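**Student:** File name target_28.cif; file contents mmCIF, C-alpha atoms; full text below.
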```cif
data_coords
loop_
_atom_site.label_atom_id
_atom_site.label_comp_id
_atom_site.auth_asym_id
_atom_site.auth_seq_id
_atom_site.Cartn_x
_atom_site.Cartn_y
_atom_site.Cartn_z
CA MET F 24 1.06 21.85 25.02
CA CYS F 25 -0.88 18.73 24.09
CA THR F 26 0.64 15.46 25.21
CA ARG F 27 1.19 12.68 22.70
CA THR F 28 -1.29 9.86 23.19
CA ARG F 29 -1.01 6.28 21.99
CA LEU F 30 -4.54 5.15 21.19
CA THR F 31 -5.76 1.61 21.71
CA LEU F 32 -6.88 -0.64 18.89
CA SER F 33 -10.50 0.13 19.71
CA LEU F 34 -10.00 3.44 17.89
CA LEU F 35 -8.61 2.27 14.57
CA ALA F 36 -9.41 4.34 11.50
CA ALA F 37 -9.04 3.21 7.90
CA GLY F 38 -7.35 5.37 5.35
CA ALA F 39 -5.03 8.32 5.18
CA ALA F 40 -7.84 10.83 5.73
CA ALA F 41 -8.76 9.53 9.18
CA LEU F 42 -8.56 11.72 12.26
CA LEU F 43 -9.21 10.28 15.71
CA GLY F 44 -9.32 11.40 19.27
CA THR F 45 -10.62 14.30 21.30
CA ALA F 46 -9.35 17.80 21.82
CA CYS F 47 -6.88 18.24 24.66
CA GLY F 48 -6.39 21.19 26.95
CA ASP F 49 -3.91 21.88 29.75
CA ASP F 50 -1.48 19.10 30.67
CA ASP F 51 -2.68 18.82 34.25
CA GLY F 52 -6.33 19.31 33.41
CA ALA F 53 -6.59 22.44 35.60
CA SER F 54 -4.07 25.24 35.85
CA PRO F 55 -2.16 26.82 32.93
CA ASP F 56 1.35 25.62 32.22
CA ALA F 57 3.91 27.16 34.55
CA LYS F 58 5.65 28.95 31.71
CA VAL F 59 6.09 32.68 31.16
CA VAL F 60 6.79 34.45 27.86
CA ASP F 61 7.42 38.20 27.85
CA GLY F 62 5.99 38.43 31.35
CA LYS F 63 2.70 36.71 30.46
CA PRO F 64 1.56 33.13 31.11
CA ALA F 65 2.02 31.09 27.95
CA ASP F 66 -1.59 29.91 28.08
CA ALA F 67 -2.77 33.50 27.97
CA MET F 68 -1.14 34.02 24.61
CA PRO F 69 -2.55 32.82 21.29
CA ASP F 70 -1.03 29.54 20.20
CA ALA F 71 0.17 28.96 16.65
CA ALA F 72 -2.15 26.42 15.05
CA PRO F 73 -0.27 23.11 14.76
CA ALA F 74 -0.06 21.53 11.33
CA LYS F 75 -2.65 18.80 10.87
CA ARG F 76 -1.69 15.53 9.31
CA ALA F 77 -3.63 12.35 8.65
CA GLY F 78 -1.46 9.42 7.72
CA THR F 79 -1.46 5.72 7.00
CA LEU F 80 1.58 3.44 7.02
CA ALA F 81 0.45 0.00 5.83
CA VAL F 82 2.83 -2.95 5.40
CA LEU F 83 0.96 -5.78 3.69
CA ASP F 84 1.50 -9.18 2.11
CA MET F 85 -1.16 -9.45 -0.63
CA THR F 86 -2.36 -12.11 -3.07
CA VAL F 87 -4.13 -11.15 -6.30
CA GLU F 88 -7.31 -13.23 -6.63
CA THR F 89 -8.34 -12.05 -10.10
CA ALA F 90 -8.57 -14.64 -12.89
CA GLY F 91 -5.27 -14.86 -14.70
CA ALA F 92 -3.29 -13.50 -11.78
CA LYS F 93 -4.46 -16.30 -9.49
CA GLN F 94 -3.24 -18.94 -11.92
CA LEU F 95 0.15 -17.21 -11.99
CA GLY F 96 0.29 -17.05 -8.20
CA VAL F 97 0.69 -13.27 -8.14
CA LYS F 98 1.55 -12.27 -4.56
CA GLY F 99 4.00 -10.27 -2.52
CA GLY F 100 4.64 -7.10 -0.59
CA VAL F 101 2.69 -3.87 -0.80
CA VAL F 102 3.82 -0.89 1.29
CA SER F 103 1.49 2.09 1.25
CA ILE F 104 2.56 5.30 2.99
CA SER F 105 0.60 8.53 2.81
CA PHE F 106 0.40 11.79 4.74
CA VAL F 107 -2.14 14.48 3.87
CA ASP F 108 -3.51 17.69 5.28
CA PRO F 109 -7.06 16.65 6.23
CA ASP F 110 -8.31 20.21 5.86
CA ALA F 111 -7.01 20.56 2.30
CA ALA F 112 -9.47 20.45 -0.55
CA GLY F 113 -9.68 17.21 -2.46
CA GLY F 114 -12.48 14.98 -3.66
CA GLU F 115 -16.14 14.93 -2.66
CA VAL F 116 -17.41 12.61 0.06
CA VAL F 117 -20.59 11.08 -1.38
CA PHE F 118 -21.24 8.52 1.35
CA GLY F 119 -20.32 8.23 5.02
CA PRO F 120 -18.25 10.49 7.25
CA LYS F 121 -15.55 12.73 5.85
CA ASP F 122 -13.03 11.13 8.20
CA PRO F 123 -13.70 7.37 8.25
CA VAL F 124 -13.68 5.70 11.65
CA LEU F 125 -13.97 2.15 12.89
CA GLY F 126 -17.21 0.51 11.80
CA MET F 127 -18.12 3.11 9.17
CA CYS F 128 -17.45 3.30 5.44
CA THR F 129 -16.61 6.33 3.32
CA VAL F 130 -16.97 6.71 -0.46
CA THR F 131 -15.17 9.66 -2.08
CA LYS F 132 -15.54 10.85 -5.68
CA PHE F 133 -12.74 12.43 -7.69
CA THR F 134 -12.74 14.15 -11.07
CA GLN F 135 -10.18 15.81 -13.32
CA THR F 136 -10.87 19.12 -11.55
CA ASN F 137 -11.47 17.78 -8.03
CA LYS F 138 -8.40 15.68 -7.37
CA PRO F 139 -7.15 14.00 -4.19
CA ARG F 140 -5.34 15.95 -1.53
CA PRO F 141 -1.62 15.88 -2.29
CA ASN F 142 0.56 13.37 -0.50
CA LEU F 143 3.08 15.16 1.71
CA ASP F 144 6.69 14.51 2.64
CA GLU F 145 6.79 13.82 6.38
CA GLY F 146 10.24 12.36 6.74
CA LYS F 147 11.95 9.01 6.26
CA VAL F 148 10.22 5.74 7.20
CA THR F 149 12.14 2.53 7.90
CA ILE F 150 10.61 -0.96 8.00
CA SER F 151 12.42 -3.89 9.62
CA GLY F 152 12.11 -6.67 12.20
CA PRO F 153 11.81 -10.47 12.23
CA GLY F 154 8.28 -10.31 10.84
CA LEU F 155 9.64 -8.87 7.58
CA LEU F 156 10.91 -11.75 5.45
CA LYS F 157 12.62 -9.53 2.90
CA PRO F 158 15.43 -6.97 3.30
CA PRO F 159 14.83 -3.95 5.56
CA LEU F 160 13.39 -0.97 3.72
CA GLU F 161 14.15 2.72 3.79
CA CYS F 162 11.17 4.69 2.49
CA SER F 163 11.32 8.29 1.37
CA PHE F 164 9.17 10.72 -0.55
CA ASN F 165 9.62 10.78 -4.32
CA ALA F 166 8.31 14.12 -5.52
CA THR F 167 8.34 12.98 -9.16
CA ALA F 168 6.14 10.01 -8.35
CA GLY F 169 4.04 12.05 -5.93
CA GLY F 170 4.41 9.63 -3.05
CA TYR F 171 6.59 7.38 -0.93
CA GLU F 172 8.78 4.58 -2.27
CA CYS F 173 10.74 2.01 -0.28
CA LYS F 174 14.31 1.25 -1.26
CA VAL F 175 16.40 -1.86 -0.61
CA LEU F 176 19.53 -0.46 -2.27
CA THR F 177 20.89 1.79 -5.01
CA ASP F 178 23.98 0.76 -6.94
CA THR F 179 25.92 1.36 -10.16
CA ALA F 180 27.25 -1.43 -12.39
CA ASP F 181 27.51 -2.76 -15.92
CA VAL F 182 24.11 -4.27 -16.65
CA THR F 183 22.79 -6.47 -19.45
CA ILE F 184 19.40 -8.04 -20.21
CA VAL F 185 19.27 -11.13 -22.38
CA GLY F 186 16.19 -13.34 -22.73
CA GLY F 187 14.47 -11.86 -19.69
CA LYS F 188 17.50 -12.27 -17.42
CA LEU F 189 19.24 -9.19 -16.07
CA THR F 190 22.89 -9.61 -15.14
CA ILE F 191 24.63 -7.17 -12.81
CA LYS F 192 28.30 -7.50 -13.63
CA GLY F 193 30.84 -7.75 -10.81
CA LYS F 194 28.25 -7.46 -8.03
CA LYS F 195 26.98 -9.94 -5.45
CA TYR F 196 24.29 -9.20 -2.88
CA ALA F 197 23.61 -10.84 0.45
CA GLN F 198 19.96 -9.72 0.43
CA ASN F 199 17.13 -11.89 -0.86
CA LEU F 200 15.86 -9.74 -3.73
CA VAL F 201 13.12 -12.08 -5.01
CA GLY F 202 9.82 -10.23 -4.77
CA SER F 203 11.53 -6.85 -5.03
CA HIS F 204 11.55 -4.69 -8.16
CA ILE F 205 14.47 -3.17 -10.05
CA ARG F 206 14.06 0.31 -11.54
CA LEU F 207 16.08 1.06 -14.65
CA THR F 208 16.30 4.66 -15.82
CA GLY F 209 18.01 5.64 -19.04
CA PHE F 210 18.99 2.09 -20.02
CA LYS F 211 20.49 2.37 -23.52
CA ALA F 212 21.46 -0.76 -25.40
CA ASP F 213 25.16 -0.80 -26.33
CA GLY F 214 25.52 2.48 -24.42
CA ASP F 215 23.99 4.70 -27.09
CA ASN F 216 20.60 5.89 -28.22
CA THR F 217 21.26 6.51 -31.90
CA THR F 218 21.28 3.07 -33.49
CA PRO F 219 17.82 1.85 -34.54
CA GLY F 220 16.47 -0.49 -31.88
CA ASN F 221 18.60 1.07 -29.17
CA GLN F 222 15.96 3.33 -27.68
CA THR F 223 16.23 4.41 -24.06
CA TYR F 224 14.30 2.14 -21.72
CA ASN F 225 12.79 3.24 -18.40
CA GLY F 226 10.89 0.73 -16.32
CA THR F 227 10.35 -1.00 -12.99
CA LEU F 228 10.47 -4.78 -13.28
CA GLY F 229 9.66 -7.56 -10.80
CA ILE F 230 12.42 -9.93 -9.68
CA ILE F 231 11.20 -13.53 -9.71
CA GLN F 232 14.51 -15.39 -9.40
CA GLN F 233 17.99 -14.55 -8.09
CA THR F 234 21.25 -16.37 -8.81
CA GLU F 235 24.65 -15.37 -7.45
CA THR F 236 27.44 -16.60 -9.71
CA THR F 237 31.13 -16.44 -8.88
CA THR F 238 31.30 -12.77 -9.85
CA ASP F 239 27.83 -11.60 -10.94
CA THR F 240 24.20 -11.41 -9.86
CA GLU F 241 21.59 -12.74 -12.27
CA LEU F 242 17.97 -11.68 -11.85
CA LEU F 243 15.10 -13.25 -13.77
CA LEU F 244 12.50 -10.55 -14.44
CA SER F 245 8.73 -10.83 -14.57
CA ASN F 246 8.66 -8.78 -17.80
CA THR F 247 11.36 -7.03 -19.79
CA GLY F 248 9.74 -4.65 -22.26
CA SER F 249 12.05 -5.03 -25.25
CA PRO F 250 14.78 -7.45 -24.12
CA SER F 251 16.48 -7.68 -27.51
CA ALA F 252 17.18 -3.93 -27.36
CA LEU F 253 18.72 -4.04 -23.89
CA GLU F 254 22.06 -5.69 -24.52
CA MET F 255 24.55 -3.74 -22.41
CA GLN F 256 24.78 -0.57 -20.38
CA THR F 257 28.02 0.39 -18.70
CA GLY F 258 27.94 2.27 -15.41
CA LEU F 259 24.15 2.17 -15.09
CA GLN F 260 22.66 3.36 -11.81
CA PHE F 261 19.68 1.32 -10.68
CA THR F 262 17.46 1.04 -7.63
CA ILE F 263 15.97 -2.04 -5.96
CA LEU F 264 12.54 -1.29 -4.50
CA GLY F 265 10.69 -3.36 -1.90
CA GLY F 266 6.98 -3.57 -1.19
CA PHE F 267 6.32 -2.19 -4.67
CA ALA F 268 3.80 -4.75 -5.99
CA PRO F 269 3.07 -8.51 -6.01
CA ILE F 270 4.91 -10.70 -8.55
CA PRO F 271 4.01 -13.96 -10.36
CA THR F 272 5.37 -16.97 -8.48
CA VAL F 273 4.00 -20.15 -10.09
CA PRO F 274 6.14 -20.22 -13.30
CA THR F 275 9.43 -20.17 -11.36
CA GLY F 276 8.42 -21.31 -7.89
CA ALA F 277 9.45 -17.89 -6.59
CA ASN F 278 9.09 -17.34 -2.85
CA ALA F 279 7.59 -13.87 -2.65
CA ASP F 280 6.41 -14.13 0.98
CA PHE F 281 6.84 -10.64 2.39
CA LEU F 282 5.65 -11.07 5.97
CA SER F 283 5.84 -13.92 8.48
CA ASP F 284 2.94 -15.81 10.04
CA ASN F 285 3.22 -13.89 13.34
CA LYS F 286 5.02 -16.54 15.44
CA ASP F 287 8.22 -18.53 15.00
CA ASP F 288 7.17 -22.15 14.32
CA THR F 289 9.83 -23.58 16.64
CA THR F 290 10.11 -21.12 19.52
CA GLN F 291 6.68 -19.48 19.19
CA ALA F 292 8.44 -16.17 19.73
CA ALA F 293 6.65 -13.13 18.37
CA GLN F 294 7.87 -11.89 15.00
CA PRO F 295 6.80 -8.26 14.82
CA VAL F 296 7.36 -5.74 12.08
CA THR F 297 8.88 -2.46 13.24
CA ILE F 298 7.81 0.72 11.45
CA LYS F 299 9.73 3.86 12.39
CA LYS F 300 8.88 7.30 11.05
CA ASP F 301 11.48 10.03 11.50
CA ALA F 302 10.46 13.39 12.88
CA SER F 303 9.43 16.05 10.39
CA THR F 304 8.36 19.68 10.56
CA ALA F 305 4.77 18.69 11.34
CA LEU F 306 5.17 15.36 13.18
CA ILE F 307 7.31 13.90 15.92
CA GLU F 308 9.20 10.62 15.57
CA ARG F 309 6.95 7.56 15.85
CA THR F 310 7.64 3.83 16.09
CA ALA F 311 5.18 0.93 16.03
CA MET F 312 5.87 -2.80 16.48
CA LEU F 313 3.02 -4.90 15.08
CA GLN F 314 2.34 -8.57 14.48
CA PRO F 315 1.69 -9.51 10.81
CA LEU F 316 -1.72 -11.12 11.23
CA GLY F 317 -3.68 -13.07 8.62
CA ASP F 318 -1.06 -15.29 6.97
CA GLY F 319 -2.94 -17.82 4.83
CA ILE F 320 -6.12 -15.76 4.74
CA ASP F 321 -8.70 -17.22 2.35
CA PHE F 322 -11.85 -15.49 1.10
CA SER F 323 -13.02 -18.44 -1.01
CA ASP F 324 -16.17 -18.82 1.13
CA SER F 325 -16.85 -15.10 1.39
CA PRO F 326 -20.44 -14.12 0.44
CA THR F 327 -18.96 -11.53 -1.92
CA LYS F 328 -15.78 -12.58 -3.70
CA VAL F 329 -12.82 -10.21 -3.69
CA ASP F 330 -13.01 -10.30 -7.49
CA GLY F 331 -16.82 -10.24 -7.53
CA PHE F 332 -17.88 -6.71 -6.61
CA PRO F 333 -21.62 -6.31 -7.35
CA PHE F 334 -22.41 -4.26 -10.43
CA THR F 335 -26.02 -4.11 -9.27
CA SER F 336 -27.63 -2.41 -6.28
CA ALA F 337 -26.74 -4.84 -3.48
CA THR F 338 -24.81 -5.12 -0.25
CA ALA F 339 -21.21 -6.33 -0.58
CA ASN F 340 -20.22 -8.65 2.28
CA TYR F 341 -16.63 -9.84 2.74
CA SER F 342 -15.65 -12.34 5.42
CA CYS F 343 -13.47 -15.27 6.37
CA ALA F 344 -14.07 -17.90 9.04
CA GLY F 345 -11.93 -19.97 11.38
CA ALA F 346 -8.58 -21.05 10.00
CA LYS F 347 -9.38 -19.27 6.72
CA CYS F 348 -8.81 -15.97 8.53
CA GLY F 349 -5.12 -16.83 8.67
CA ALA F 350 -2.63 -17.46 11.42
CA PRO F 351 -2.91 -17.09 14.31
CA THR F 352 -6.50 -18.26 14.57
CA THR F 353 -6.66 -17.44 18.30
CA GLU F 354 -5.53 -13.82 18.09
CA PRO F 355 -7.95 -11.94 20.39
CA VAL F 356 -8.10 -8.76 18.29
CA LYS F 357 -8.14 -8.61 14.52
CA VAL F 358 -9.07 -5.74 12.25
CA ILE F 359 -10.49 -6.36 8.79
CA VAL F 360 -9.95 -3.50 6.35
CA LEU F 361 -11.75 -2.98 3.05
CA SER F 362 -10.68 -0.45 0.45
CA GLY F 363 -10.92 -0.02 -3.29
CA ILE F 364 -10.91 2.21 -6.33
CA THR F 365 -12.83 2.41 -9.60
CA THR F 366 -11.98 3.56 -13.11
CA ASP F 367 -14.17 4.65 -16.01
CA VAL F 368 -11.40 4.15 -18.58
CA PRO F 369 -12.47 1.70 -21.34
CA ILE F 370 -10.66 -1.61 -20.78
CA PRO F 371 -9.39 -3.28 -23.98
CA ASP F 372 -10.52 -6.88 -24.47
CA THR F 373 -6.86 -7.86 -24.78
CA ALA F 374 -5.90 -6.40 -21.39
CA PRO F 375 -5.43 -8.80 -18.46
CA LYS F 376 -8.40 -9.03 -16.13
CA PHE F 377 -6.20 -7.66 -13.35
CA PHE F 378 -5.06 -4.60 -15.34
CA MET F 379 -6.02 -1.33 -13.62
CA PRO F 380 -5.43 1.99 -15.41
CA PRO F 381 -3.80 4.75 -13.36
CA ALA F 382 -6.30 6.78 -11.36
CA GLU F 383 -5.45 10.03 -13.13
CA ALA F 384 -6.49 8.52 -16.48
CA ALA F 385 -10.12 8.37 -15.35
CA THR F 386 -12.63 11.14 -15.95
CA THR F 387 -14.40 10.23 -12.71
CA TYR F 388 -13.47 7.63 -10.13
CA VAL F 389 -14.28 6.83 -6.53
CA THR F 390 -12.42 5.31 -3.63
CA PHE F 391 -14.02 3.45 -0.75
CA GLN F 392 -12.61 2.45 2.61
CA CYS F 393 -13.74 1.09 5.96
CA ALA F 394 -12.46 -0.99 8.86
CA GLN F 395 -14.09 -3.22 11.43
CA LEU F 396 -12.97 -5.25 14.42
CA GLY F 397 -13.34 -8.93 13.67
CA THR F 398 -13.22 -10.95 10.46
CA SER F 399 -16.17 -9.67 8.42
CA ILE F 400 -17.00 -6.33 6.85
CA ALA F 401 -19.71 -4.99 4.56
CA LEU F 402 -20.46 -2.15 2.17
CA SER F 403 -24.13 -1.25 2.43
CA LYS F 404 -26.40 -1.16 -0.59
CA ASP F 405 -26.41 2.66 -0.39
CA ALA F 406 -22.60 2.73 -0.44
CA VAL F 407 -22.49 0.37 -3.42
CA ASP F 408 -25.03 2.57 -5.24
CA LYS F 409 -22.75 5.59 -4.79
CA ILE F 410 -19.79 3.61 -6.14
CA LEU F 411 -21.77 2.53 -9.21
CA GLU F 412 -22.84 6.14 -9.89
CA ALA F 413 -19.27 6.71 -11.11
CA LYS F 414 -20.08 4.34 -14.01
CA PRO F 415 -17.02 2.16 -13.46
CA THR F 416 -15.61 -0.11 -16.12
CA ARG F 417 -13.49 -1.93 -13.53
CA ILE F 418 -13.29 -1.98 -9.74
CA GLU F 419 -10.26 -2.98 -7.69
CA THR F 420 -11.03 -4.30 -4.20
CA ARG F 421 -8.59 -4.94 -1.37
CA VAL F 422 -9.49 -6.84 1.83
CA PHE F 423 -6.99 -7.71 4.54
CA ILE F 424 -6.66 -8.76 8.16
CA ALA F 425 -4.22 -6.68 10.18
CA SER F 426 -3.00 -5.56 13.54
CA GLY F 427 -3.10 -1.82 13.94
CA SER F 428 -1.78 1.03 16.03
CA PRO F 429 -3.41 4.44 15.63
CA GLU F 430 -1.33 7.15 17.25
CA MET F 431 -2.31 10.73 17.92
CA ASP F 432 -0.17 13.80 18.36
CA GLY F 433 -2.19 16.95 18.88
CA ALA F 434 -4.29 17.54 15.78
CA SER F 435 -2.67 14.70 13.83
CA THR F 436 -3.35 10.97 13.68
CA ILE F 437 -1.19 8.31 12.06
CA ASN F 438 -2.43 4.75 11.53
CA PHE F 439 0.03 1.85 11.38
CA LEU F 440 -1.24 -1.41 9.83
CA VAL F 441 0.51 -4.77 9.28
CA GLY F 442 -1.17 -7.85 7.83
CA HIS F 443 -2.11 -10.18 4.98
CA GLY F 444 -4.92 -10.03 2.46
CA ALA F 445 -6.21 -10.23 -1.08
CA ILE F 446 -6.73 -7.98 -4.09
CA GLY F 447 -9.43 -8.58 -6.70
CA HIS F 448 -10.71 -6.90 -9.85
CA THR F 449 -14.24 -6.90 -11.19
CA SER F 450 -15.10 -5.77 -14.71
CA LYS F 451 -18.40 -4.29 -15.81
CA PRO F 452 -20.46 -7.12 -17.28
CA PRO F 453 -21.42 -6.86 -20.96
CA PRO F 454 -24.96 -5.66 -21.68
CA THR F 455 -27.66 -8.30 -21.68
CA PRO F 456 -28.67 -9.14 -25.26
CA VAL F 457 -32.13 -7.94 -26.18
CA ALA F 458 -34.37 -10.76 -27.35
CA PRO F 459 -35.59 -10.31 -30.92
#
```
Before we go any further, please render this structure as structure tokens.

**Tutor:**
Amino acid sequence: MCTRTRLTLSLLAAGAAALLGTACGDDDGASPDAKVVDGKPADAMPDAAPAKRAGTLAVLDMTVETAGAKQLGVKGGVVSISFVDPDAAGGEVVFGPKDPVLGMCTVTKFTQTNKPRPNLDEGKVTISGPGLLKPPLECSFNATAGGYECKVLTDTADVTIVGGKLTIKGKKYAQNLVGSHIRLTGFKADGDNTTPGNQTYNGTLGIIQQTETTTDTELLLSNTGSPSALEMQTGLQFTILGGFAPIPTVPTGANADFLSDNKDDTTQAAQPVTIKKDASTALIERTAMLQPLGDGIDFSDSPTKVDGFPFTSATANYSCAGAKCGAPTTEPVKVIVLSGITTDVPIPDTAPKFFMPPAEAATTYVTFQCAQLGTSIALSKDAVDKILEAKPTRIETRVFIASGSPEMDGASTINFLVGHGAIGHTSKPPPTPVAP
């Protein structure tokens, strides 16, 4: 048997494809295990190969720095959970190691015929603790969506949307739902789908304001699709999701803060986030308690802006300094993580500058990821060249400061990350006019 080992932060990997650690042999380092099966020592018999898993569980509070989104104050929780078989086929590594490790960057290309490794169901994940400023989350695998989603609650009620405000009749909730999202499935105005204008509506909408009346809950939504067609639905089942995406905060003064600033301002007590993953067929139960580093992080002085990825052959350097790296400024160990994705889908002129088409819509796209101890990180010129070979029309970049806990169990490694950061989008510049 191979004992479970909790790795130190000096061995943090970035991304779901990361595998860390060394092979392990006998428990005592010398003699075989004192175990007999059918009259033979267990170590003399062939072992069944354990299932390999590479996973990332990231709990982040992110601000969108792209023009348009920045003016709207788009920020909030992003929970990203993935488990893959690292030996499964998927994508082509065009730069760096196949399994990214601390201090190294990996660029992977995907096409319509060479798609990512599928995300796997490895049991329920719960997120809680004083460092989480929103309701506790229960995350499970959604096969239809092809990945994990985190739920605050599921309920059934009479629901109406009028003028961008959704009213849940006869229900009141103790949880702070601002910053969460509500998913409506099969919403039919007036309870039918036959009258013109009463088409079924399916959508996931951000909650930017919450009011509890004497009997009802009123939620102001960040967008409503076709609000005039969504007048009433009786007995509608809906789900409130957390850590789904940032929301606009400036228009309503919404408080979408998802994670704390690491320490209680009065008592200075630690405010960790607890991430617990239930046991599954391939993995044992795991729990990590991590401080949400980086609150207030600011990349305004970064050599490369989060929304300024170079569309020319050049090194991309991202960094913060001093208090701009977020609270606490004296934390002895910080990890800065850089990741991103491209698309080659044509972007309409009317689309927001922070609009990113779904990955599967692209003919070719690449992802990039790396992590580094400290508060600065860089993509080399060669890495940038490989990213630009995908002929992107838009690049989404994510940079954040986090605490991390990579844990290893036999052939599998799971990385836990908790922190704050920024998201930016860079569009391909128009061609330079040719002088007459």

**Student:** So the first atom is atom CA of F:Lys121 and the second is atom CA of F:Asp408; what is the distance between them in Å, to one decimal place?

**Tutor:**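 That distance, rounded to one decimal, is 17.8 Å.
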
**Student:** Counting only C-alpha atoms, which of F:Cys128, F:Ala77, F:Ile205, F:Leu160 gets nearest to F:Ala401?

**Tutor:**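 Going through F:Cys128, F:Ala77, F:Ile205, F:Leu160 one by one, the smallest distance to F:Ala401 is for F:Cys128.
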
**Student:** How many Å lie between atom CA of F:Phe210 and atom CA of F:Gly258, rounded to one decimal?

**Tutor:**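 Atom-to-atom, atom CA of F:Phe210 and atom CA of F:Gly258 are spaced 10.1 Å apart.
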
**Student:** Mind working out the centre and edge lengths of an axis-aligned box for stretch 195-204 of chain F, all listed atoms inside, 4 Å added to each side, rounded to one decimal in Å and written as AutoDock Vina command-line options?

**Tutor:**
```
--center_x 18.4 --center_y -8.4 --center_z -3.9 --size_x 25.2 --size_y 15.4 --size_z 16.6
```

**Student:** Name the residues that the PyMOL selection byres ((chain F and resi 171) around 8) picks from the file above, as an MDAnalysis selection string, using the file's chain letters and numbers.

**Tutor:** chainID F and resid 103:105 144 162:165 168:170 172:173

**Student:** Name all residues at most 7 Å from F:Gly349 (count only C-alpha atoms; drop same-chain ones fewer than 4 positions away) and give them as a list in words.

**Tutor:**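 Everything that qualifies: Gly317, Asp318, Gly319 and Ile320 of chain F.
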
**Student:** List every residue of stretch 291-345 of chain F that has an atom at most 10 Å from any atom of stretch 422-444 of chain F, and for each one report the closest atom pair and its distance in Å to one decimal, counting all atoms listed in the file, with rows sorted by chain and then by increasing residue number, as a Markdown table.

**Tutor:**
```
| residue | atom | partner | partner_atom | distance |
| --- | --- | --- | --- | --- |
| F:Pro295 | CA | F:Val441 | CA | 9.1 |
| F:Val296 | CA | F:Val441 | CA | 7.5 |
| F:Thr297 | CA | F:Val441 | CA | 9.5 |
| F:Ile298 | CA | F:Phe439 | CA | 7.9 |
| F:Lys299 | CA | F:Phe439 | CA | 10.0 |
| F:Ala305 | CA | F:Ser435 | CA | 8.8 |
| F:Leu306 | CA | F:Asp432 | CA | 7.6 |
| F:Ile307 | CA | F:Asp432 | CA | 7.9 |
| F:Arg309 | CA | F:Glu430 | CA | 8.4 |
| F:Thr310 | CA | F:Phe439 | CA | 9.2 |
| F:Ala311 | CA | F:Ser428 | CA | 7.0 |
| F:Met312 | CA | F:Ser428 | CA | 8.6 |
| F:Leu313 | CA | F:Ser426 | CA | 6.2 |
| F:Gln314 | CA | F:Ser426 | CA | 6.2 |
| F:Pro315 | CA | F:Gly442 | CA | 4.5 |
| F:Leu316 | CA | F:Gly442 | CA | 4.7 |
| F:Gly317 | CA | F:His443 | CA | 4.9 |
| F:Asp318 | CA | F:His443 | CA | 5.6 |
| F:Gly319 | CA | F:His443 | CA | 7.7 |
| F:Ile320 | CA | F:Gly444 | CA | 6.3 |
| F:Asp321 | CA | F:Gly444 | CA | 8.1 |
| F:Phe322 | CA | F:Gly444 | CA | 8.9 |
| F:Val329 | CA | F:Val422 | CA | 7.3 |
| F:Tyr341 | CA | F:Val422 | CA | 7.8 |
| F:Ser342 | CA | F:Val422 | CA | 9.0 |
| F:Cys343 | CA | F:Ile424 | CA | 9.6 |
```

**Student:** Check what the PyMOL selection byres ((chain F and resi 355) around 12) selects in the file above and give those residues as a list of chain:residue names.

**Tutor:**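 Output of the PyMOL selection byres ((chain F and resi 355) around 12): F:Leu32, F:Leu316, F:Ala350, F:Pro351, F:Thr352, F:Thr353, F:Glu354, F:Val356, F:Lys357, F:Val358, F:Leu396, F:Gly397, F:Thr398, F:Ser426.
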
**Student:** What separation in Å, quoted to one decimal, exists between atom CA of F:Ala374 and atom CA of F:Ile418?

**Tutor:**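 Between atom CA of F:Ala374 and atom CA of F:Ile418 the gap works out to 14.5 Å.
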
**Student:** Tell me which of F:Phe267, F:Phe261, F:Phe334, F:Phe377 sits closest to F:Leu189, counting only C-alpha atoms.

**Tutor:**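 Using only C-alpha atoms, F:Leu189 sits closest to F:Phe261.
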
**Student:** Evaluate the PyMOL selection byres ((chain F and resi 190) around 9) and record the selected residues as a short mmCIF file (atom, residue, chain, number, x, y, z; two decimals) with C-alpha atoms, in the coordinates of the input, following the chain and residue labels used in the document.

**Tutor:**
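The resulting file, part-v7.cif, is reproduced below:
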```cif
data_model
loop_
_atom_site.label_atom_id
_atom_site.label_comp_id
_atom_site.auth_asym_id
_atom_site.auth_seq_id
_atom_site.Cartn_x
_atom_site.Cartn_y
_atom_site.Cartn_z
CA ASP F 181 27.51 -2.76 -15.92
CA VAL F 182 24.11 -4.27 -16.65
CA THR F 183 22.79 -6.47 -19.45
CA ILE F 184 19.40 -8.04 -20.21
CA VAL F 185 19.27 -11.13 -22.38
CA LYS F 188 17.50 -12.27 -17.42
CA LEU F 189 19.24 -9.19 -16.07
CA ILE F 191 24.63 -7.17 -12.81
CA LYS F 192 28.30 -7.50 -13.63
CA ASP F 239 27.83 -11.60 -10.94
CA THR F 240 24.20 -11.41 -9.86
CA GLU F 241 21.59 -12.74 -12.27
CA LEU F 242 17.97 -11.68 -11.85
CA LEU F 243 15.10 -13.25 -13.77
#
```

**Student:** Could you check which residues have any atom within 6 Å of (7.0, -10.6, -0.9), counting only C-alpha atoms with coordinates taken straight from the file, and then list them as a PyMOL selection string?

**Tutor:** chain F and resi 99-100+202+279-281

**Student:** Just the residues within 8 Å of stretch 409-412 of chain F, please, counting only C-alpha atoms, with nothing from its chain fewer than 3 positions along; format it as number ranges by chain.

**Tutor:** F: 117-118, 130, 334-335, 365, 389-391, 405-406, 415

**Student:** Taking only C-alpha atoms into account, which of F:Thr167, F:Glu88, F:Thr131, F:Thr272 comes nearest F:Glu115?

**Tutor:**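 Ranking F:Thr167, F:Glu88, F:Thr131, F:Thr272 by distance to F:Glu115, first place goes to F:Thr131.
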
**Student:** Find the residues around F:Asp301 up to 7 Å (only C-alpha atoms counted), leave out those fewer than 2 positions away in its own chain, and share them as a list in words.

**Tutor:**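 The residues that qualify are Gly146, Lys147, Val148, Lys299, Ser303, Glu308 and Arg309 of chain F.
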